[in-house]
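Undergrad: Sharing protein.cif below, mmCIF, N, CA and C atoms:
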data_upload
loop_
_atom_site.label_atom_id
_atom_site.label_comp_id
_atom_site.auth_asym_id
_atom_site.auth_seq_id
_atom_site.Cartn_x
_atom_site.Cartn_y
_atom_site.Cartn_z
N MET A 1 0.85 -1.18 0.00
CA MET A 1 0.00 0.00 0.00
C MET A 1 0.89 1.24 0.00
N LYS A 2 0.50 2.25 -0.78
CA LYS A 2 1.24 3.51 -0.83
C LYS A 2 0.61 4.51 0.13
N PHE A 3 1.48 5.40 0.68
CA PHE A 3 1.03 6.41 1.61
C PHE A 3 1.48 7.79 1.16
N SER A 4 0.71 8.80 1.58
CA SER A 4 1.04 10.19 1.28
C SER A 4 0.99 11.01 2.56
N ARG A 5 1.83 12.04 2.59
CA ARG A 5 1.79 13.03 3.66
C ARG A 5 1.06 14.24 3.10
N VAL A 6 0.05 14.71 3.82
CA VAL A 6 -0.71 15.90 3.44
C VAL A 6 -0.41 16.97 4.47
N GLU A 7 0.17 18.09 4.01
CA GLU A 7 0.47 19.22 4.89
C GLU A 7 -0.43 20.38 4.49
N ILE A 8 -1.17 20.88 5.47
CA ILE A 8 -2.16 21.92 5.23
C ILE A 8 -1.71 23.17 5.97
N ILE A 9 -1.42 24.23 5.21
CA ILE A 9 -1.05 25.51 5.81
C ILE A 9 -2.29 26.39 5.81
N MET A 10 -2.64 26.92 7.00
CA MET A 10 -3.88 27.68 7.10
C MET A 10 -3.74 28.81 8.10
N ASP A 11 -4.70 29.70 8.06
CA ASP A 11 -4.82 30.77 9.04
C ASP A 11 -5.14 30.15 10.41
N ASN A 12 -4.64 30.77 11.47
CA ASN A 12 -4.87 30.26 12.82
C ASN A 12 -6.35 30.06 13.13
N ALA A 13 -7.19 30.93 12.61
CA ALA A 13 -8.62 30.88 12.92
C ALA A 13 -9.30 29.64 12.33
N LYS A 14 -8.69 28.97 11.38
CA LYS A 14 -9.30 27.82 10.72
C LYS A 14 -8.96 26.49 11.37
N LEU A 15 -8.06 26.48 12.35
CA LEU A 15 -7.59 25.22 12.92
C LEU A 15 -8.71 24.41 13.56
N GLU A 16 -9.54 25.02 14.37
CA GLU A 16 -10.61 24.26 15.05
C GLU A 16 -11.56 23.62 14.05
N ALA A 17 -11.93 24.36 13.01
CA ALA A 17 -12.82 23.81 11.99
C ALA A 17 -12.14 22.63 11.28
N LEU A 18 -10.87 22.77 11.01
CA LEU A 18 -10.15 21.69 10.34
C LEU A 18 -10.07 20.46 11.24
N LEU A 19 -9.76 20.65 12.53
CA LEU A 19 -9.67 19.51 13.44
C LEU A 19 -11.00 18.77 13.53
N SER A 20 -12.09 19.50 13.58
CA SER A 20 -13.42 18.89 13.61
C SER A 20 -13.67 18.11 12.32
N ALA A 21 -13.31 18.70 11.20
CA ALA A 21 -13.52 18.06 9.90
C ALA A 21 -12.67 16.80 9.76
N VAL A 22 -11.43 16.87 10.21
CA VAL A 22 -10.53 15.72 10.11
C VAL A 22 -11.07 14.57 10.96
N GLY A 23 -11.57 14.90 12.16
CA GLY A 23 -12.15 13.88 13.01
C GLY A 23 -13.35 13.21 12.37
N GLN A 24 -14.18 13.99 11.71
CA GLN A 24 -15.35 13.44 11.02
C GLN A 24 -14.93 12.57 9.83
N TYR A 25 -13.78 12.87 9.23
CA TYR A 25 -13.32 12.12 8.08
C TYR A 25 -12.73 10.77 8.49
N GLY A 26 -12.38 10.63 9.76
CA GLY A 26 -11.86 9.35 10.23
C GLY A 26 -10.35 9.28 10.36
N ILE A 27 -9.67 10.41 10.26
CA ILE A 27 -8.22 10.43 10.44
C ILE A 27 -7.94 10.31 11.93
N SER A 28 -7.08 9.37 12.31
CA SER A 28 -6.84 9.15 13.74
C SER A 28 -5.59 9.87 14.26
N GLY A 29 -4.70 10.29 13.40
CA GLY A 29 -3.49 10.97 13.85
C GLY A 29 -3.24 12.25 13.07
N ILE A 30 -2.85 13.28 13.78
CA ILE A 30 -2.57 14.57 13.14
C ILE A 30 -1.49 15.27 13.97
N THR A 31 -0.61 15.97 13.28
CA THR A 31 0.41 16.79 13.93
C THR A 31 0.18 18.23 13.51
N VAL A 32 0.17 19.14 14.48
CA VAL A 32 -0.07 20.56 14.19
C VAL A 32 1.07 21.36 14.78
N TYR A 33 1.59 22.30 14.00
CA TYR A 33 2.63 23.17 14.52
C TYR A 33 2.42 24.59 14.02
N GLN A 34 2.93 25.55 14.81
CA GLN A 34 2.80 26.97 14.48
C GLN A 34 4.01 27.40 13.66
N VAL A 35 3.74 28.21 12.65
CA VAL A 35 4.80 28.70 11.77
C VAL A 35 4.56 30.17 11.46
N LEU A 36 5.54 30.79 10.84
CA LEU A 36 5.40 32.13 10.27
C LEU A 36 5.65 32.00 8.78
N GLY A 37 4.89 32.72 7.98
CA GLY A 37 5.12 32.64 6.55
C GLY A 37 4.25 33.61 5.79
N CYS A 38 4.45 33.61 4.48
CA CYS A 38 3.63 34.43 3.60
C CYS A 38 3.57 33.75 2.24
N GLY A 39 2.55 34.10 1.49
CA GLY A 39 2.37 33.56 0.15
C GLY A 39 2.86 34.54 -0.90
N VAL A 40 2.32 34.42 -2.08
CA VAL A 40 2.77 35.25 -3.21
C VAL A 40 2.47 36.73 -3.01
N GLN A 41 1.55 37.05 -2.09
CA GLN A 41 1.23 38.46 -1.82
C GLN A 41 2.19 39.07 -0.81
N TYR A 42 3.17 38.30 -0.33
CA TYR A 42 4.15 38.76 0.65
C TYR A 42 3.51 39.24 1.94
N GLY A 43 2.39 38.63 2.31
CA GLY A 43 1.73 38.99 3.56
C GLY A 43 0.78 40.16 3.45
N SER A 44 0.51 40.63 2.22
CA SER A 44 -0.43 41.74 2.04
C SER A 44 -1.85 41.26 2.27
N LYS A 45 -2.67 42.16 2.78
CA LYS A 45 -4.09 41.88 2.91
C LYS A 45 -4.75 42.15 1.56
N GLU A 46 -5.86 41.52 1.33
CA GLU A 46 -6.56 41.61 0.06
C GLU A 46 -6.91 43.05 -0.32
N TYR A 47 -7.23 43.85 0.69
CA TYR A 47 -7.69 45.21 0.42
C TYR A 47 -6.54 46.20 0.20
N GLU A 48 -5.29 45.78 0.40
CA GLU A 48 -4.16 46.67 0.16
C GLU A 48 -3.92 46.75 -1.34
N GLY A 49 -3.84 47.95 -1.87
CA GLY A 49 -3.68 48.12 -3.31
C GLY A 49 -2.24 48.19 -3.78
N VAL A 50 -1.29 48.30 -2.87
CA VAL A 50 0.11 48.47 -3.23
C VAL A 50 0.82 47.11 -3.16
N ALA A 51 1.54 46.78 -4.22
CA ALA A 51 2.30 45.54 -4.21
C ALA A 51 3.48 45.67 -3.26
N LYS A 52 3.70 44.65 -2.43
CA LYS A 52 4.80 44.69 -1.46
C LYS A 52 6.05 44.09 -2.07
N THR A 53 7.20 44.61 -1.65
CA THR A 53 8.48 44.06 -2.10
C THR A 53 9.23 43.38 -0.96
N THR A 54 8.79 43.63 0.27
CA THR A 54 9.40 42.99 1.44
C THR A 54 8.35 42.11 2.10
N PRO A 55 8.65 40.84 2.32
CA PRO A 55 7.65 39.95 2.92
C PRO A 55 7.32 40.33 4.36
N THR A 56 6.05 40.18 4.71
CA THR A 56 5.60 40.27 6.09
C THR A 56 5.21 38.86 6.49
N LEU A 57 5.88 38.32 7.50
CA LEU A 57 5.59 36.96 7.93
C LEU A 57 4.38 36.97 8.86
N LEU A 58 3.39 36.19 8.51
CA LEU A 58 2.15 36.11 9.26
C LEU A 58 2.08 34.79 10.02
N PRO A 59 1.45 34.78 11.20
CA PRO A 59 1.31 33.51 11.93
C PRO A 59 0.34 32.58 11.21
N LYS A 60 0.73 31.33 11.10
CA LYS A 60 -0.07 30.29 10.44
C LYS A 60 0.01 29.01 11.26
N GLN A 61 -0.83 28.07 10.92
CA GLN A 61 -0.78 26.72 11.48
C GLN A 61 -0.51 25.75 10.33
N VAL A 62 0.24 24.71 10.60
CA VAL A 62 0.43 23.64 9.64
C VAL A 62 -0.09 22.36 10.30
N ALA A 63 -0.99 21.69 9.62
CA ALA A 63 -1.49 20.40 10.08
C ALA A 63 -0.97 19.34 9.11
N MET A 64 -0.45 18.25 9.66
CA MET A 64 0.12 17.19 8.83
C MET A 64 -0.54 15.87 9.18
N VAL A 65 -1.00 15.16 8.15
CA VAL A 65 -1.54 13.82 8.31
C VAL A 65 -0.87 12.89 7.29
N VAL A 66 -0.80 11.62 7.64
CA VAL A 66 -0.31 10.60 6.72
C VAL A 66 -1.47 9.65 6.50
N MET A 67 -1.71 9.32 5.23
CA MET A 67 -2.86 8.49 4.89
C MET A 67 -2.59 7.68 3.64
N PRO A 68 -3.39 6.64 3.40
CA PRO A 68 -3.24 5.90 2.15
C PRO A 68 -3.43 6.83 0.95
N THR A 69 -2.57 6.68 -0.02
CA THR A 69 -2.58 7.55 -1.20
C THR A 69 -3.92 7.51 -1.92
N ASP A 70 -4.58 6.37 -1.94
CA ASP A 70 -5.85 6.28 -2.67
C ASP A 70 -6.98 7.07 -2.01
N GLN A 71 -6.77 7.58 -0.80
CA GLN A 71 -7.78 8.40 -0.13
C GLN A 71 -7.51 9.90 -0.24
N VAL A 72 -6.35 10.26 -0.78
CA VAL A 72 -5.92 11.66 -0.77
C VAL A 72 -6.84 12.56 -1.58
N LYS A 73 -7.22 12.16 -2.77
CA LYS A 73 -8.03 13.04 -3.63
C LYS A 73 -9.34 13.44 -2.95
N ALA A 74 -10.04 12.49 -2.36
CA ALA A 74 -11.29 12.80 -1.66
C ALA A 74 -11.02 13.66 -0.43
N PHE A 75 -9.93 13.38 0.27
CA PHE A 75 -9.58 14.16 1.46
C PHE A 75 -9.27 15.61 1.09
N LEU A 76 -8.55 15.83 -0.01
CA LEU A 76 -8.24 17.19 -0.45
C LEU A 76 -9.51 17.97 -0.76
N LYS A 77 -10.45 17.34 -1.42
CA LYS A 77 -11.71 18.00 -1.73
C LYS A 77 -12.42 18.37 -0.42
N PHE A 78 -12.48 17.44 0.49
CA PHE A 78 -13.13 17.64 1.79
C PHE A 78 -12.50 18.79 2.56
N VAL A 79 -11.17 18.78 2.68
CA VAL A 79 -10.47 19.81 3.45
C VAL A 79 -10.56 21.17 2.77
N SER A 80 -10.39 21.21 1.46
CA SER A 80 -10.44 22.50 0.77
C SER A 80 -11.82 23.15 0.91
N GLU A 81 -12.88 22.35 0.97
CA GLU A 81 -14.21 22.91 1.20
C GLU A 81 -14.32 23.49 2.61
N GLU A 82 -13.67 22.86 3.58
CA GLU A 82 -13.69 23.36 4.96
C GLU A 82 -12.93 24.67 5.11
N LEU A 83 -11.83 24.83 4.38
CA LEU A 83 -10.97 26.01 4.52
C LEU A 83 -11.37 27.18 3.63
N TYR A 84 -12.13 26.93 2.59
CA TYR A 84 -12.42 27.94 1.58
C TYR A 84 -13.23 29.12 2.12
N THR A 85 -12.71 30.33 1.88
CA THR A 85 -13.48 31.55 2.11
C THR A 85 -13.56 32.39 0.84
N GLY A 86 -12.65 32.13 -0.11
CA GLY A 86 -12.59 32.93 -1.33
C GLY A 86 -11.71 34.15 -1.21
N HIS A 87 -11.04 34.30 -0.07
CA HIS A 87 -10.18 35.46 0.18
C HIS A 87 -8.72 35.04 0.25
N ILE A 88 -7.84 36.00 0.06
CA ILE A 88 -6.41 35.76 0.22
C ILE A 88 -6.16 35.19 1.60
N GLY A 89 -5.31 34.17 1.67
CA GLY A 89 -4.97 33.58 2.95
C GLY A 89 -5.73 32.29 3.27
N ASP A 90 -6.48 31.76 2.31
CA ASP A 90 -7.20 30.51 2.55
C ASP A 90 -6.24 29.34 2.80
N GLY A 91 -5.01 29.46 2.37
CA GLY A 91 -4.01 28.44 2.67
C GLY A 91 -3.52 27.68 1.46
N LYS A 92 -2.66 26.72 1.75
CA LYS A 92 -2.10 25.83 0.72
C LYS A 92 -2.10 24.41 1.28
N ILE A 93 -2.16 23.44 0.38
CA ILE A 93 -2.07 22.04 0.76
C ILE A 93 -0.99 21.41 -0.10
N PHE A 94 -0.05 20.73 0.56
CA PHE A 94 1.04 20.03 -0.13
C PHE A 94 0.90 18.54 0.12
N VAL A 95 1.11 17.75 -0.92
CA VAL A 95 1.03 16.30 -0.82
C VAL A 95 2.36 15.72 -1.29
N SER A 96 2.91 14.81 -0.50
CA SER A 96 4.16 14.15 -0.89
C SER A 96 4.08 12.67 -0.57
N ASP A 97 4.88 11.89 -1.29
CA ASP A 97 4.91 10.45 -1.08
C ASP A 97 5.68 10.10 0.19
N ILE A 98 5.24 9.03 0.83
CA ILE A 98 5.91 8.49 2.01
C ILE A 98 6.51 7.15 1.62
N GLU A 99 7.77 6.97 1.91
CA GLU A 99 8.45 5.71 1.58
C GLU A 99 8.15 4.61 2.59
N GLU A 100 8.12 4.96 3.87
CA GLU A 100 7.93 3.95 4.91
C GLU A 100 7.34 4.60 6.15
N ILE A 101 6.61 3.81 6.91
CA ILE A 101 6.04 4.25 8.19
C ILE A 101 6.38 3.17 9.21
N MET A 102 6.83 3.60 10.38
CA MET A 102 7.13 2.64 11.43
C MET A 102 6.73 3.21 12.78
N ARG A 103 6.00 2.42 13.56
CA ARG A 103 5.71 2.78 14.95
C ARG A 103 6.89 2.31 15.77
N VAL A 104 7.62 3.23 16.37
CA VAL A 104 8.87 2.91 17.05
C VAL A 104 8.67 1.93 18.20
N ARG A 105 7.64 2.15 19.00
CA ARG A 105 7.46 1.32 20.19
C ARG A 105 7.25 -0.15 19.87
N THR A 106 6.50 -0.45 18.80
CA THR A 106 6.16 -1.85 18.51
C THR A 106 6.88 -2.44 17.30
N GLY A 107 7.45 -1.56 16.48
CA GLY A 107 8.09 -2.04 15.26
C GLY A 107 7.12 -2.28 14.12
N GLU A 108 5.84 -1.97 14.33
CA GLU A 108 4.85 -2.15 13.26
C GLU A 108 5.18 -1.22 12.10
N VAL A 109 4.93 -1.69 10.89
CA VAL A 109 5.20 -0.90 9.69
C VAL A 109 3.95 -0.84 8.83
N GLY A 110 3.95 0.12 7.89
CA GLY A 110 2.83 0.25 6.97
C GLY A 110 1.57 0.71 7.67
N ILE A 111 0.43 0.24 7.19
CA ILE A 111 -0.87 0.68 7.70
C ILE A 111 -1.03 0.34 9.18
N GLU A 112 -0.43 -0.74 9.63
CA GLU A 112 -0.52 -1.12 11.04
C GLU A 112 0.08 -0.05 11.96
N ALA A 113 1.08 0.66 11.47
CA ALA A 113 1.71 1.71 12.26
C ALA A 113 0.81 2.94 12.41
N LEU A 114 -0.19 3.07 11.56
CA LEU A 114 -1.10 4.22 11.61
C LEU A 114 -2.40 3.91 12.36
N GLU A 115 -2.77 2.66 12.44
CA GLU A 115 -4.04 2.28 13.04
C GLU A 115 -3.92 2.22 14.56
N PRO A 116 -5.05 2.46 15.23
CA PRO A 116 -5.04 2.29 16.69
C PRO A 116 -4.64 0.86 17.04
N GLN A 117 -3.93 0.71 18.13
CA GLN A 117 -3.48 -0.62 18.52
C GLN A 117 -4.61 -1.44 19.08
N LYS A 118 -4.57 -2.72 18.77
CA LYS A 118 -5.55 -3.66 19.30
C LYS A 118 -4.97 -4.23 20.59
N HIS A 119 -5.77 -4.32 21.61
CA HIS A 119 -5.29 -4.83 22.90
C HIS A 119 -5.58 -6.29 23.05
#
Could you rewrite the structure in this file as structure tokens?

TA:
Amino acid sequence: MKFSRVEIIMDNAKLEALLSAVGQYGISGITVYQVLGCGVQYGSKEYEGVAKTTPTLLPKQVAMVVMPTDQVKAFLKFVSEELYTGHIGDGKIFVSDIEEIMRVRTGEVGIEALEPQKH
């Protein structure tokens, strides 16, 4: 089975909605971290009419999940609908291939490393 890492960069205000949506989708593991960054507008707000030449780094959240590659397309549609406002700053989603997954404590690999453990 192939796996993909999905990294979602979003505005801080969207994190709770995303976490709720991810839970409803059935993803059991997620990593979230705070970052600073800007997109092609260099941190400009939509209503600013002057193009910026120096980036302004804005606070963002990055959420990362690993999932079977065959589920990624539906997940991207689902997440993009949750994040969409139609305004600058809706975020970006990056998808990359995962070569291997291993749960360190048990040595489980592949899908078993992502699933909740059976007792």

Undergrad: Choose the residue, out of A:Ile9, A:Val66, A:Phe3, A:Thr56, that has the smallest atom-to-atom separation from Ile27 (chain A); count only N, CA and C atoms.

TA: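 Nearest candidate to Ile27 (chain A) out of A:Ile9, A:Val66, A:Phe3, A:Thr56: A:Val66.
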
Undergrad: Of the candidates A:Lys2, A:Glu7, A:Asp70, A:Glu81, which shows the shortest atom-to-atom distance to Phe94 (chain A), using all atoms listed in the file?

TA: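 Comparing A:Lys2, A:Glu7, A:Asp70, A:Glu81 against Phe94 (chain A), the winner is A:Glu7.
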
Undergrad: Mind the document's chain letters and residue numbers, and return as a ChimeraX atom specification the residues of chain A that DSSP labels helix (DSSP H, G or I).

TA: /A:12-25,69-83,111-114

Undergrad: Grab the CA of Leu15 (chain A) to atom N of Leu114 (chain A) distance for me, in Å with one decimal place.

TA: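 Separating CA of Leu15 (chain A) from atom N of Leu114 (chain A) is a distance of 23.4 Å.
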
Undergrad: Just say which residues the PyMOL selection byres (((chain A and resi 21 and name CA) around 12) and name CA) picks in this file, as a ChimeraX atom specification.

TA: /A:14-20,22-28,30,75-83

Undergrad: Counting only C-alpha atoms, note down every residue that has an atom within 6 Å of the point (3.7, 13.8, 6.8) (file coordinates), as a ChimeraX atom specification.

TA: /A:5-6,64-66

Undergrad: Missing atoms in region 85-107 of chain A need filling: write out N, CA, C and O atoms for it as a compact mmCIF listing (two decimals), in the coordinates of the input.

TA:
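Final file, result-v6.txt:
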# COMPACT_ATOMS: atom_id res chain seq x y z
N THR A 85 -12.71 30.33 1.88
CA THR A 85 -13.48 31.55 2.11
C THR A 85 -13.56 32.39 0.84
O THR A 85 -14.40 33.27 0.73
N GLY A 86 -12.65 32.13 -0.11
CA GLY A 86 -12.59 32.93 -1.33
C GLY A 86 -11.71 34.15 -1.21
O GLY A 86 -11.62 34.96 -2.11
N HIS A 87 -11.04 34.30 -0.07
CA HIS A 87 -10.18 35.46 0.18
C HIS A 87 -8.72 35.04 0.25
O HIS A 87 -8.41 33.87 0.52
N ILE A 88 -7.84 36.00 0.06
CA ILE A 88 -6.41 35.76 0.22
C ILE A 88 -6.16 35.19 1.60
O ILE A 88 -6.74 35.66 2.59
N GLY A 89 -5.31 34.17 1.67
CA GLY A 89 -4.97 33.58 2.95
C GLY A 89 -5.73 32.29 3.27
O GLY A 89 -5.64 31.78 4.37
N ASP A 90 -6.48 31.76 2.31
CA ASP A 90 -7.20 30.51 2.55
C ASP A 90 -6.24 29.34 2.80
O ASP A 90 -6.63 28.36 3.39
N GLY A 91 -5.01 29.46 2.37
CA GLY A 91 -4.01 28.44 2.67
C GLY A 91 -3.52 27.68 1.46
O GLY A 91 -3.91 27.94 0.33
N LYS A 92 -2.66 26.72 1.75
CA LYS A 92 -2.10 25.83 0.72
C LYS A 92 -2.10 24.41 1.28
O LYS A 92 -2.03 24.20 2.48
N ILE A 93 -2.16 23.44 0.38
CA ILE A 93 -2.07 22.04 0.76
C ILE A 93 -0.99 21.41 -0.10
O ILE A 93 -0.99 21.56 -1.33
N PHE A 94 -0.05 20.73 0.56
CA PHE A 94 1.04 20.03 -0.13
C PHE A 94 0.90 18.54 0.12
O PHE A 94 0.62 18.11 1.24
N VAL A 95 1.11 17.75 -0.92
CA VAL A 95 1.03 16.30 -0.82
C VAL A 95 2.36 15.72 -1.29
O VAL A 95 2.86 16.11 -2.35
N SER A 96 2.91 14.81 -0.50
CA SER A 96 4.16 14.15 -0.89
C SER A 96 4.08 12.67 -0.57
O SER A 96 3.31 12.24 0.29
N ASP A 97 4.88 11.89 -1.29
CA ASP A 97 4.91 10.45 -1.08
C ASP A 97 5.68 10.10 0.19
O ASP A 97 6.64 10.76 0.55
N ILE A 98 5.24 9.03 0.83
CA ILE A 98 5.91 8.49 2.01
C ILE A 98 6.51 7.15 1.62
O ILE A 98 5.83 6.29 1.05
N GLU A 99 7.77 6.97 1.91
CA GLU A 99 8.45 5.71 1.58
C GLU A 99 8.15 4.61 2.59
O GLU A 99 8.00 3.46 2.23
N GLU A 100 8.12 4.96 3.87
CA GLU A 100 7.93 3.95 4.91
C GLU A 100 7.34 4.60 6.15
O GLU A 100 7.56 5.78 6.41
N ILE A 101 6.61 3.81 6.91
CA ILE A 101 6.04 4.25 8.19
C ILE A 101 6.38 3.17 9.21
O ILE A 101 6.23 1.98 8.92
N MET A 102 6.83 3.60 10.38
CA MET A 102 7.13 2.64 11.43
C MET A 102 6.73 3.21 12.78
O MET A 102 7.06 4.35 13.10
N ARG A 103 6.00 2.42 13.56
CA ARG A 103 5.71 2.78 14.95
C ARG A 103 6.89 2.31 15.77
O ARG A 103 7.15 1.10 15.87
N VAL A 104 7.62 3.23 16.37
CA VAL A 104 8.87 2.91 17.05
C VAL A 104 8.67 1.93 18.20
O VAL A 104 9.41 0.96 18.34
N ARG A 105 7.64 2.15 19.00
CA ARG A 105 7.46 1.32 20.19
C ARG A 105 7.25 -0.15 19.87
O ARG A 105 7.75 -1.03 20.56
N THR A 106 6.50 -0.45 18.80
CA THR A 106 6.16 -1.85 18.51
C THR A 106 6.88 -2.44 17.30
O THR A 106 6.86 -3.64 17.10
N GLY A 107 7.45 -1.56 16.48
CA GLY A 107 8.09 -2.04 15.26
C GLY A 107 7.12 -2.28 14.12
O GLY A 107 7.53 -2.71 13.05
